[in-house]
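Since the structure comes first, as structure tokens, the remarks are kept for the end.
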Amino acid sequence: MKNTMIIGATLAVSLAGLAQADTLRLLTWGGYAPENVIEMFEKETGHTVEVTLSNNEEMIAKLRATGGGGFDLAQPSQDRISGPQAEFGIYKPIDLSRIDASQFIDSMLAATKANTTIDGAVHAVPHVWGTSGLVIDTAKADMVRDYTDLCNADLAGKVSYRLKRPTLIGFAFAMGMDPFAAYDDPAAYAEMMEKVEAKLIECKPLVKTYWGGGDELMGLLRSGEVTASMAWDTGGWKLNGEMPDITFVAPASGALGWIDTFALPAKGQADDAAYDWINFVMRPEVSAMITEAAGNFTASKGADQFASDGLKAQFQASFPQAAIDNIKWYPPVPAGLEAIEGGILDRVKAAN
Amino acid sequence: MQSQARLGFFLLLTPLLLWLGLLILIPHVDMALLSLRERVGVGQYTTSLANYGIFFGEPLYMWTFLRTAVMSVLATVITLIIAFPVAYYIAKMARGRTRSALFLLCLVPFWVSELVRTFGWMILLRETGLFSSLLQWAGLATGPVEMLYNDAAIMVGLVYTSMLFMVVPLVTTLESLDDAVIEAGYDLGGSGLSVLREIIIPHAMPGIVSGSIVVFMLSLGNYLTPTMLGGKDSLWFTELIYSQFIVRFNWELGAAFGFMLLFLSSVIVWGTLRLTGQTLERTMG
């Protein structure tokens, strides 16, 4: 009898322990959940972490397919939350009382909260931020200062960019338009994009290839087959470490700034583990480890003290104060805008 | 006894029915319903044919389909021309271990994933790649030669990927051809060419047709090879479907495209069978 009681008690305790130690299914980008950080987190909290690497579009597509199930924490960019949320309802609100706000850079937290508030509820908090702009071999393509300079006949066959929305936005800015101001006016936006379409088709003969994945572009730049491209800042800095001539340049019309966030999928089953993870990785010393792995800075207050000098120097070289002030931060994308851009991108790809 | 046989028949049939029903029929019905939905506002949908209207209304989509179909047909023809002698050698000339070894050689590329195979081609064909360096070393080219990112590169990739699916049915049909029939052809005064035309090809026809159908469908539905090896102009139809589903969140249009692909490719296969006077029963049976 006594034995049964003990067994029963042990069972109850271990069950309670199980309920607290969850499996966190994390849907994120490469570099945002490095092995050493996961190890530390698992040791400290007892949760286990399963990482799935993805990108913005695939994250939304995956969550849409299951109605927001299959993952407990996702990391979409802040501009891609309110649109898909309105359309597909794939996220649930964040309980801000469970987040340690003092670990965040205030302005960034406030901006993300504002951009992801739907029906009065906040749906995301910021994590990693960065920009996209130009990655240039300064020895061979020093004349490239803006997106439209990629259309220079001297660079024929040495240019590469993606056929994705950042290219459309970047070219629109470089052509003197403001696509973000037209976000809420589909007709004006479509008209603007048609001008960009004409420009991209005009530039097409000079393009070597439209790159698809980051690794593909790295290969093209490293081998010297491409000397000027549109890419993320980290890609440029990573190559800069290997080949000093190649670096990231903030375009004259402004680098495009993004913030990747933490958002809870609607049918996530391990919210406790998700909040634990957010509070854990936002610690300055842990954030610095993520910066080391991903190459981008985080929204964690005080983490830059821990960042390596090399990365800091690269950041300062690419971003003088004026360039930082000129960063164009993506506002939330209204639902349905992708369809306009999609038609444009298809036509550019098919044009001869 | 009879009822037992019937029970056995149904038990044996169950896995097939489950397979067809759960994995093929139900998803397709779901897809069909999806393709008939039109987005009218945020989260609001009505039933309409608008998605098919977009397919026919925008010439770009029709052209992309045509381009994909023509290139797939071309890939099928090239595969057949290369695979036929190979299959003939394996089936009729090679003996014993040589034969197994040759067959194995056709199989070996499929031990690695398609991604790795395609990446291998990228390493060979690119501007700083092996072929380009070899040509420069041999003095045949003065500067780097770019062989990647064009339609020819796609063709190479497609033919390489589909070779096995042509060789296997050809070997099987050619094996069943009695050597005595070929000898008789020569004895009756036939030349090599007329024996090939009058005896070997007619006998191998079911293999040729089934191999061609498989290769055509595989090429048409290929996604990886055209996107990785293709250049800035090389839009493939499956790429359109992928981008509608994943990049544009437009599942409705993607589903409509999927159905157009299914329908048009079926029409092409059916038309080719009619043109060549073949039937599916004879080919598959």
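Chain labels run A, B, ... following the order of the structure tokens; each chain numbers its residues from 1, and ligands are numbered from 1 in the order shown.
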DSSP-assigned strand (DSSP E or B) members of stretch 101-275 of chain A, reported as number ranges by chain: A: 104, 117-118, 121-122, 125-137, 159-161, 207-210, 228-232, 246-249, 256-265
Which neighbours of B:Val40 fall inside 12 Å, counting only C-alpha atoms, when residues of the same chain fewer than 3 positions from it are skipped, and could you give them as a CSV table (one decimal) with C-alpha atoms, in the first residue's frame?
```csv
chain,number,residue,atom,x,y,z
A,87,GLU,CA,-6.5,36.9,-44.4
A,335,ALA,CA,-3.3,41.7,-47.9
A,336,GLY,CA,-3.5,41.3,-51.7
B,37,ARG,CA,-12.8,29.9,-55.6
B,43,GLY,CA,-10.8,36.4,-46.2
B,44,GLN,CA,-13.9,36.4,-48.4
B,45,TYR,CA,-14.4,34.1,-51.4
B,46,THR,CA,-17.0,33.3,-54.0
B,47,THR,CA,-17.3,30.5,-56.5
B,48,SER,CA,-16.3,31.4,-60.0
B,50,ALA,CA,-12.1,33.6,-62.6
B,252,GLU,CA,-6.7,29.5,-55.9
```
Taking only C-alpha atoms into account, produce a table as CSV in which each residue of chain B with an atom at most 6 Å from an atom of chain A appears once, together with its shortest atom pair and the distance in Å to one decimal, ordered by chain and rising number.
```
residue,atom,partner,partner_atom,distance
B:Val42,CA,A:Glu87,CA,5.4
B:Gly43,CA,A:Glu87,CA,4.7
B:Gly231,CA,A:Thr209,CA,5.7
B:Lys232,CA,A:Thr209,CA,5.2
B:Asp233,CA,A:Ala350,CA,5.6
B:Ile246,CA,A:Ala61,CA,5.6
B:Val247,CA,A:Glu57,CA,5.3
B:Arg248,CA,A:Glu338,CA,5.3
```
Would you save the residues of that selection, restricted to N, CA and C atoms, as a compact mmCIF listing (two decimals), in the first residue's frame?
```txt
# COMPACT_ATOMS: atom_id res chain seq x y z
N VAL B 42 -10.72 40.60 -48.12
CA VAL B 42 -9.91 39.95 -47.10
C VAL B 42 -10.68 38.78 -46.50
N GLY B 43 -10.18 37.58 -46.75
CA GLY B 43 -10.81 36.40 -46.18
C GLY B 43 -12.18 36.06 -46.73
N GLY B 231 18.14 29.90 -67.02
CA GLY B 231 18.60 31.28 -66.90
C GLY B 231 17.46 32.23 -66.62
N LYS B 232 17.72 33.49 -66.92
CA LYS B 232 16.75 34.52 -66.58
C LYS B 232 15.50 34.45 -67.44
N ASP B 233 15.56 33.80 -68.62
CA ASP B 233 14.36 33.70 -69.46
C ASP B 233 13.64 32.38 -69.30
N ILE B 246 3.38 29.39 -52.98
CA ILE B 246 4.26 29.73 -51.87
C ILE B 246 4.53 31.22 -51.76
N VAL B 247 4.85 31.87 -52.90
CA VAL B 247 5.28 33.27 -52.81
C VAL B 247 4.11 34.23 -52.78
N ARG B 248 3.07 33.94 -53.57
CA ARG B 248 1.97 34.90 -53.70
C ARG B 248 0.80 34.57 -52.77
```
Distance query stretch 140-145 of chain B at most 8 Å, only C-alpha atoms, self and fewer than 4 positions along chain excluded, as a VMD selection string: chain B and resid 126 to 128 132 to 133 135 to 136
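Picture a line from atom CA of B:Phe110 to atom CA of B:Ile123; it runs 18.2 Å.
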Residues within 7 Å of A:Ile259, only C-alpha atoms, excluding chain neighbours under 2 positions, as a PyMOL selection string: chain A and resi 77-78+126-130+257+261
Per-residue DSSP, stretch 34-162 of chain B, filtered to alpha helix (DSSP H), as a ChimeraX atom specification: /B:34-35,50-57,59-88,96-107,114-125,130-137,151-162
Quick one: write out the picked residues with C-alpha atoms as a compact mmCIF listing (two decimals), in the first residue's frame?
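Output below, filename result24.txt:
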```
# COMPACT_ATOMS: atom_id res chain seq x y z
CA LEU B 34 -10.03 25.46 -54.51
CA SER B 35 -9.42 26.39 -58.13
CA ALA B 50 -12.11 33.65 -62.63
CA ASN B 51 -8.87 31.72 -62.06
CA TYR B 52 -9.22 29.88 -65.35
CA GLY B 53 -10.07 33.22 -66.91
CA ILE B 54 -6.71 34.56 -65.71
CA PHE B 55 -4.92 31.60 -67.29
CA PHE B 56 -6.49 32.21 -70.69
CA GLY B 57 -6.55 35.99 -70.37
CA PRO B 59 -0.92 35.24 -72.84
CA LEU B 60 2.21 34.86 -70.69
CA TYR B 61 0.80 31.82 -68.89
CA MET B 62 -0.26 30.10 -72.11
CA TRP B 63 3.15 30.78 -73.67
CA THR B 64 4.94 29.45 -70.63
CA PHE B 65 2.91 26.28 -70.83
CA LEU B 66 3.63 25.91 -74.54
CA ARG B 67 7.33 26.50 -73.98
CA THR B 68 7.40 23.91 -71.21
CA ALA B 69 5.51 21.39 -73.35
CA VAL B 70 7.70 21.90 -76.43
CA MET B 71 10.89 21.59 -74.41
CA SER B 72 9.58 18.46 -72.70
CA VAL B 73 8.78 16.88 -76.06
CA LEU B 74 12.26 17.78 -77.28
CA ALA B 75 13.81 16.31 -74.14
CA THR B 76 11.80 13.12 -74.73
CA VAL B 77 12.98 12.82 -78.33
CA ILE B 78 16.63 13.41 -77.39
CA THR B 79 16.37 10.90 -74.55
CA LEU B 80 14.91 8.33 -76.94
CA ILE B 81 17.64 8.86 -79.53
CA ILE B 82 20.38 8.44 -76.92
CA ALA B 83 18.70 5.65 -74.98
CA PHE B 84 17.77 3.42 -77.92
CA PRO B 85 21.30 2.33 -78.91
CA VAL B 86 22.20 1.96 -75.24
CA ALA B 87 19.18 -0.24 -74.59
CA TYR B 88 19.82 -2.24 -77.76
CA GLY B 96 26.53 -11.95 -68.66
CA ARG B 97 28.44 -9.70 -66.30
CA THR B 98 29.00 -6.90 -68.82
CA ARG B 99 25.30 -6.65 -69.18
CA SER B 100 24.64 -6.38 -65.44
CA ALA B 101 27.46 -3.89 -65.14
CA LEU B 102 26.07 -1.70 -67.92
CA PHE B 103 22.60 -1.81 -66.44
CA LEU B 104 24.04 -0.87 -63.08
CA LEU B 105 25.84 2.08 -64.66
CA CYS B 106 22.50 3.45 -65.82
CA LEU B 107 21.20 3.08 -62.29
CA GLU B 114 18.27 14.90 -57.81
CA LEU B 115 19.48 18.02 -56.04
CA VAL B 116 23.03 16.74 -55.83
CA ARG B 117 22.97 15.57 -59.45
CA THR B 118 21.76 18.96 -60.63
CA PHE B 119 24.34 20.73 -58.51
CA GLY B 120 26.98 18.53 -60.09
CA TRP B 121 25.95 19.85 -63.50
CA MET B 122 26.17 23.39 -62.18
CA ILE B 123 29.76 22.81 -61.11
CA LEU B 124 30.64 21.43 -64.53
CA LEU B 125 28.87 24.03 -66.66
CA LEU B 130 35.34 22.35 -65.25
CA PHE B 131 34.30 22.47 -68.94
CA SER B 132 35.11 26.15 -69.25
CA SER B 133 38.56 25.65 -67.70
CA LEU B 134 39.23 22.61 -69.91
CA LEU B 135 38.34 24.53 -73.07
CA GLN B 136 40.65 27.37 -72.08
CA TRP B 137 43.44 24.98 -71.18
CA ASP B 151 17.82 26.37 -72.21
CA ALA B 152 20.54 24.00 -73.41
CA ALA B 153 21.64 23.49 -69.81
CA ILE B 154 18.05 22.65 -68.84
CA MET B 155 17.91 20.16 -71.70
CA VAL B 156 21.11 18.46 -70.56
CA GLY B 157 19.75 18.19 -67.04
CA LEU B 158 16.38 16.85 -68.14
CA VAL B 159 17.83 14.22 -70.49
CA TYR B 160 20.29 13.08 -67.86
CA THR B 161 17.57 12.80 -65.24
CA SER B 162 15.18 10.83 -67.43
```
Which residues, written as a PDB file with C-alpha atoms, in the first residue's frame, have at least one atom at most 6 Å from stretch 140-152 of chain A, with only C-alpha atoms counted and residues fewer than 4 positions away on the same chain left out?
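Saved the output as selection.pdb:
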```
ATOM      1  CA  PHE A 171      14.082  49.915 -57.876  1.00  0.00           C
ATOM      2  CA  ALA A 174      15.876  54.413 -56.771  1.00  0.00           C
ATOM      3  CA  CYS A 203      17.832  46.051 -67.722  1.00  0.00           C
ATOM      4  CA  PRO A 251      22.295  52.417 -51.702  1.00  0.00           C
ATOM      5  CA  ALA A 252      21.900  56.167 -52.162  1.00  0.00           C
TER       6      ALA A 252
END
```
Interatomic distance, atom CA of A:Asp215 to atom CA of A:Pro166 (Å, one decimal): 17.8 Å
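Between atom CA of B:Met217 and atom CA of B:Leu148 the separation is 23.9 Å.
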Neighbour list for A:Asn240 as number ranges by chain, cut-off 12 Å, only C-alpha atoms, skip fewer than 3 positions in-chain: A: 135-138, 218, 221-222, 233-237, 243-249, 310-311, 313-315, 317-318
Selected residue of minimal separation from A:Tyr275 among A:Ala198, A:Ile90, A:Ala74, A:Ile99, counting only C-alpha atoms: A:Ile99
